[in-house]
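Shown next: model-v7.cif, containing mmCIF, C-alpha atoms.
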```cif
data_work
#
loop_
_atom_site.label_atom_id
_atom_site.label_comp_id
_atom_site.auth_asym_id
_atom_site.auth_seq_id
_atom_site.Cartn_x
_atom_site.Cartn_y
_atom_site.Cartn_z
CA MET A 1 86.12 197.12 129.63
CA ARG A 2 85.37 193.86 131.57
CA LYS A 3 86.96 193.27 134.96
CA ALA A 4 85.30 189.98 136.00
CA PHE A 5 83.86 186.75 134.67
CA THR A 6 80.12 186.21 134.60
CA ALA A 7 78.50 183.48 136.66
CA VAL A 8 77.66 181.55 133.47
CA GLU A 9 81.29 181.62 132.33
CA LEU A 10 82.46 180.34 135.74
CA MET A 11 79.82 177.57 135.72
CA ILE A 12 80.98 176.45 132.26
CA VAL A 13 84.62 176.30 133.43
CA VAL A 14 83.64 174.33 136.55
CA ALA A 15 81.52 171.93 134.46
CA ILE A 16 84.42 171.32 132.06
CA MET A 17 86.79 170.68 134.99
CA MET A 18 84.32 168.24 136.58
CA LEU A 19 83.95 166.42 133.26
CA LEU A 20 87.72 166.08 132.94
CA VAL A 21 88.02 164.81 136.51
CA GLY A 22 85.20 162.34 135.86
CA ILE A 23 87.10 160.99 132.87
CA LEU A 24 90.55 160.93 134.49
CA VAL A 25 89.72 159.32 137.86
CA PRO A 26 88.69 155.92 136.42
CA VAL A 27 91.65 155.95 134.02
CA VAL A 28 94.14 156.72 136.78
CA SER A 29 92.65 154.16 139.20
CA GLY A 30 92.75 151.50 136.47
CA MET A 31 96.39 152.32 135.83
CA ARG A 32 97.15 151.94 139.52
CA ALA A 33 95.47 148.52 139.65
CA ARG A 34 97.42 147.35 136.58
CA ALA A 35 100.66 148.66 138.10
CA THR A 36 100.00 146.71 141.31
CA VAL A 37 99.39 143.50 139.32
CA GLN A 38 102.61 144.13 137.39
CA LEU A 39 104.47 144.61 140.69
CA ALA A 40 103.17 141.24 141.91
CA LYS A 41 104.34 139.61 138.65
CA THR A 42 107.77 141.19 138.98
CA ARG A 43 108.11 140.05 142.60
CA ILE A 44 107.16 136.50 141.61
CA LYS A 45 109.85 136.54 138.91
CA ALA A 46 112.40 137.77 141.48
CA LEU A 47 111.30 135.08 143.95
CA CYS A 48 111.63 132.44 141.21
CA LEU A 49 115.19 133.57 140.46
CA ALA A 50 116.09 133.42 144.15
CA ILE A 51 114.41 130.00 144.60
CA ASP A 52 116.27 128.65 141.56
CA ALA A 53 119.56 130.02 142.92
CA PHE A 54 118.80 128.32 146.25
CA ASN A 55 118.25 125.06 144.36
CA LEU A 56 121.53 125.40 142.48
CA LYS A 57 123.48 125.98 145.69
CA ASN A 58 121.72 123.44 147.90
CA GLY A 59 120.55 120.76 145.46
CA HIS A 60 116.89 121.16 146.44
CA TYR A 61 114.19 123.80 146.59
CA PRO A 62 113.17 125.44 149.87
CA GLU A 63 110.62 123.14 151.49
CA SER A 64 107.04 124.26 151.81
CA THR A 65 104.75 123.62 154.75
CA SER A 66 101.18 122.42 154.80
CA GLU A 67 100.04 125.88 155.95
CA ASN A 68 101.30 127.46 152.67
CA GLU A 69 103.42 129.81 154.76
CA CYS A 70 106.79 128.27 154.18
CA SER A 71 109.71 130.23 155.33
CA LEU A 72 110.80 131.72 152.02
CA TYR A 73 112.17 134.62 154.02
CA GLU A 74 114.50 132.40 156.08
CA ALA A 75 115.51 130.32 153.06
CA LEU A 76 116.24 133.21 150.70
CA ASN A 77 117.07 136.25 152.84
CA GLU A 78 120.68 135.44 153.70
CA ASP A 79 122.26 134.72 150.33
CA PHE A 80 119.69 134.94 147.57
CA MET A 81 117.40 137.96 147.91
CA GLU A 82 117.01 141.21 149.79
CA PHE A 83 113.45 142.02 150.80
CA ALA A 84 111.95 145.50 151.07
CA LYS A 85 109.99 146.33 154.21
CA GLU A 86 106.67 146.35 152.31
CA GLU A 87 107.32 142.79 151.06
CA LEU A 88 107.32 141.36 154.59
CA LYS A 89 104.75 140.80 157.32
CA PRO A 90 105.85 139.90 160.87
CA SER A 91 104.86 136.39 161.91
CA GLY A 92 105.93 134.48 165.00
CA GLY A 93 109.31 136.16 165.45
CA SER A 94 110.11 136.00 161.76
CA PHE A 95 108.57 137.29 158.54
CA ILE A 96 106.26 136.07 155.79
CA VAL A 97 106.85 137.29 152.22
CA VAL A 98 103.67 139.07 151.09
CA ASP A 99 102.28 140.33 147.78
CA PRO A 100 101.42 144.00 147.11
CA TRP A 101 97.98 143.48 148.72
CA GLY A 102 99.52 142.17 151.97
CA ASN A 103 98.61 138.49 151.44
CA PRO A 104 101.24 135.75 151.77
CA TYR A 105 102.54 134.27 148.53
CA VAL A 106 101.43 130.66 148.22
CA TYR A 107 104.49 128.47 147.62
CA THR A 108 104.49 124.70 147.17
CA GLU A 109 107.54 122.70 146.21
CA PHE A 110 107.18 119.15 144.99
CA ASN A 111 110.63 117.52 145.04
CA SER A 112 110.57 116.67 148.75
CA LYS A 113 107.18 115.01 148.27
CA PHE A 114 108.80 112.54 145.84
CA ASP A 115 112.00 111.80 147.79
CA LYS A 116 110.68 108.42 148.90
CA LYS A 117 109.75 105.58 146.60
CA LEU A 118 106.06 105.70 145.80
CA SER A 119 103.92 103.06 144.23
CA LYS A 120 102.13 104.05 141.04
CA SER A 121 98.80 104.48 142.86
CA GLU A 122 100.44 106.52 145.68
CA HIS A 123 102.08 108.74 143.06
CA GLU A 124 98.77 109.23 141.21
CA ASN A 125 96.95 110.03 144.47
CA LEU A 126 99.63 112.55 145.45
CA MET A 127 99.49 114.23 142.04
CA ALA A 128 95.67 114.37 142.21
CA THR A 129 95.87 115.99 145.65
CA LEU A 130 98.61 118.52 144.86
CA LYS A 131 97.55 119.36 141.28
CA PRO A 132 100.94 120.91 140.45
CA HIS A 133 101.52 123.07 137.40
CA ASN A 134 105.29 122.55 137.70
CA PRO A 135 105.47 118.99 139.11
CA MET A 136 109.27 118.76 138.95
CA SER A 137 109.92 121.95 140.88
CA TYR A 138 107.51 124.37 142.59
CA ASP A 139 104.45 126.55 142.14
CA ILE A 140 104.27 130.05 143.59
CA TYR A 141 101.41 132.50 143.27
CA SER A 142 99.71 135.51 144.74
CA MET A 143 96.03 135.26 145.57
CA GLY A 144 95.52 138.60 143.85
CA PRO A 145 93.67 141.68 144.99
CA ASP A 146 90.74 139.79 146.50
CA GLY A 147 93.03 137.70 148.75
CA SER A 148 90.83 134.71 147.97
CA GLU A 149 92.04 131.34 146.87
CA THR A 150 88.77 130.63 145.07
CA ASP A 151 90.55 129.97 141.81
CA GLY A 152 93.68 128.81 143.64
CA GLY A 153 95.88 129.67 140.72
CA LYS A 154 93.98 127.19 138.60
CA ASP A 155 92.79 127.69 135.09
CA PRO A 156 89.64 129.81 134.67
CA GLN A 157 86.27 128.17 135.06
CA HIS A 158 83.36 129.46 133.05
CA ASN A 159 80.56 128.87 135.51
CA GLY A 160 77.85 130.93 133.80
CA ALA A 161 77.54 133.21 136.85
CA ASP A 162 78.12 136.86 137.59
CA ASP A 163 80.85 136.24 140.18
CA ASP A 164 81.71 139.86 140.91
CA GLY A 165 78.18 141.32 140.85
CA ASP A 166 78.67 143.75 137.97
CA GLY A 167 75.92 142.31 135.76
CA LYS A 168 78.34 140.60 133.35
CA VAL A 169 78.90 136.86 133.23
CA ASP A 170 82.33 135.18 133.03
CA GLU A 171 84.38 138.19 132.01
CA ALA A 172 88.18 137.97 132.21
CA ASP A 173 88.58 139.89 135.49
CA GLU A 174 86.29 137.56 137.44
CA LEU A 175 87.72 134.33 136.10
CA VAL A 176 91.29 134.47 137.40
CA ASP A 177 92.88 137.15 139.50
CA ASP A 178 95.77 135.08 140.85
CA ILE A 179 99.26 135.94 139.65
CA THR A 180 101.38 132.81 139.14
CA ASN A 181 104.78 131.49 138.03
CA TYR A 182 103.13 129.13 135.54
#
```

Give the structure from the file, written as structure tokens.
Amino acid sequence: MRKAFTAVELMIVVAIMMLLVGILVPVVSGMRARATVQLAKTRIKALCLAIDAFNLKNGHYPESTSENECSLYEALNEDFMEFAKEELKPSGGSFIVVDPWGNPYVYTEFNSKFDKKLSKSEHENLMATLKPHNPMSYDIYSMGPDGSETDGGKDPQHNGADDDGDGKVDEADELVDDITNY
């Protein structure tokens, strides 16, 4: 009658467990990354609803600043949206609304830029400078996990380069990582 396992049997069990861990770790980490992206998308949708409610009540969208750190918190916090602690970063006595990676959401509204009468050439120059996706309202986006504005929420550019150093050229994950409302 056997009372113990042999060393070979234990090594086989350990090898099988290591194999399973090796398979599960990448799967679980990929799921976590996708969940974080989905959280950013959900927060952008919630911000859009609050910004639209602000517009309905006030007749204009919250104004954006040239530093891309408009005070969405001040504009929306009172009546339109409640923010969780992890959605805010302290800044100069107030707060900045941040994405799941801790970067500020980039918000640009366009209505206040067109309040004055512009000549056709001034209007074209302004549109060329701003490059809005939603020219009659606002654009809002997260810079994504890399925190870089390299694609700036723009459409993907196939540049024929391996931008993320993994040996593959122009794959989907290196083209655009920004999460947008457009």

Could you list the residues chosen by the PyMOL selection byres ((chain A and resi 89-95) around 9) in this structure as a PDB file with C-alpha atoms, keeping the file's coordinate frame?
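Final file, out.pdb:
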```
ATOM      1  CA  SER A  71     109.710 130.230 155.330  1.00  0.00           C
ATOM      2  CA  LEU A  72     110.800 131.720 152.020  1.00  0.00           C
ATOM      3  CA  TYR A  73     112.170 134.620 154.020  1.00  0.00           C
ATOM      4  CA  GLU A  74     114.500 132.400 156.080  1.00  0.00           C
ATOM      5  CA  LYS A  85     109.990 146.330 154.210  1.00  0.00           C
ATOM      6  CA  GLU A  86     106.670 146.350 152.310  1.00  0.00           C
ATOM      7  CA  GLU A  87     107.320 142.790 151.060  1.00  0.00           C
ATOM      8  CA  LEU A  88     107.320 141.360 154.590  1.00  0.00           C
ATOM      9  CA  ILE A  96     106.260 136.070 155.790  1.00  0.00           C
ATOM     10  CA  VAL A  97     106.850 137.290 152.220  1.00  0.00           C
ATOM     11  CA  VAL A  98     103.670 139.070 151.090  1.00  0.00           C
ATOM     12  CA  GLY A 102      99.520 142.170 151.970  1.00  0.00           C
ATOM     13  CA  ASN A 103      98.610 138.490 151.440  1.00  0.00           C
ATOM     14  CA  PRO A 104     101.240 135.750 151.770  1.00  0.00           C
TER      15      PRO A 104
END
```

ask   = Quick one, how far is atom CA of A:Thr108 from atom CA of A:Ile51?
value = 11.5 Å

request  = Take the point (114.3, 133.8, 139.2) as written in the file and pick out every residue within 12 Å of it, counting only C-alpha atoms; give the list as a VMD selection string.
outcome  = chain A and resid 41 to 56 76 80 to 81 140 181

remark   = In terms of all atoms listed in the file, the residue from A:Ala4, A:Ala128, A:Ala75, A:Ile179 at minimal distance from A:Gly147 is A:Ile179

query = Do you have the atom CA of A:Pro62-atom CA of A:Thr129 distance handy?
reply = 20.2 Å

query = What is the atom CA of A:Ala40 to atom CA of A:Val106 distance in Å?
reply =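 It comes out at 12.4 Å.
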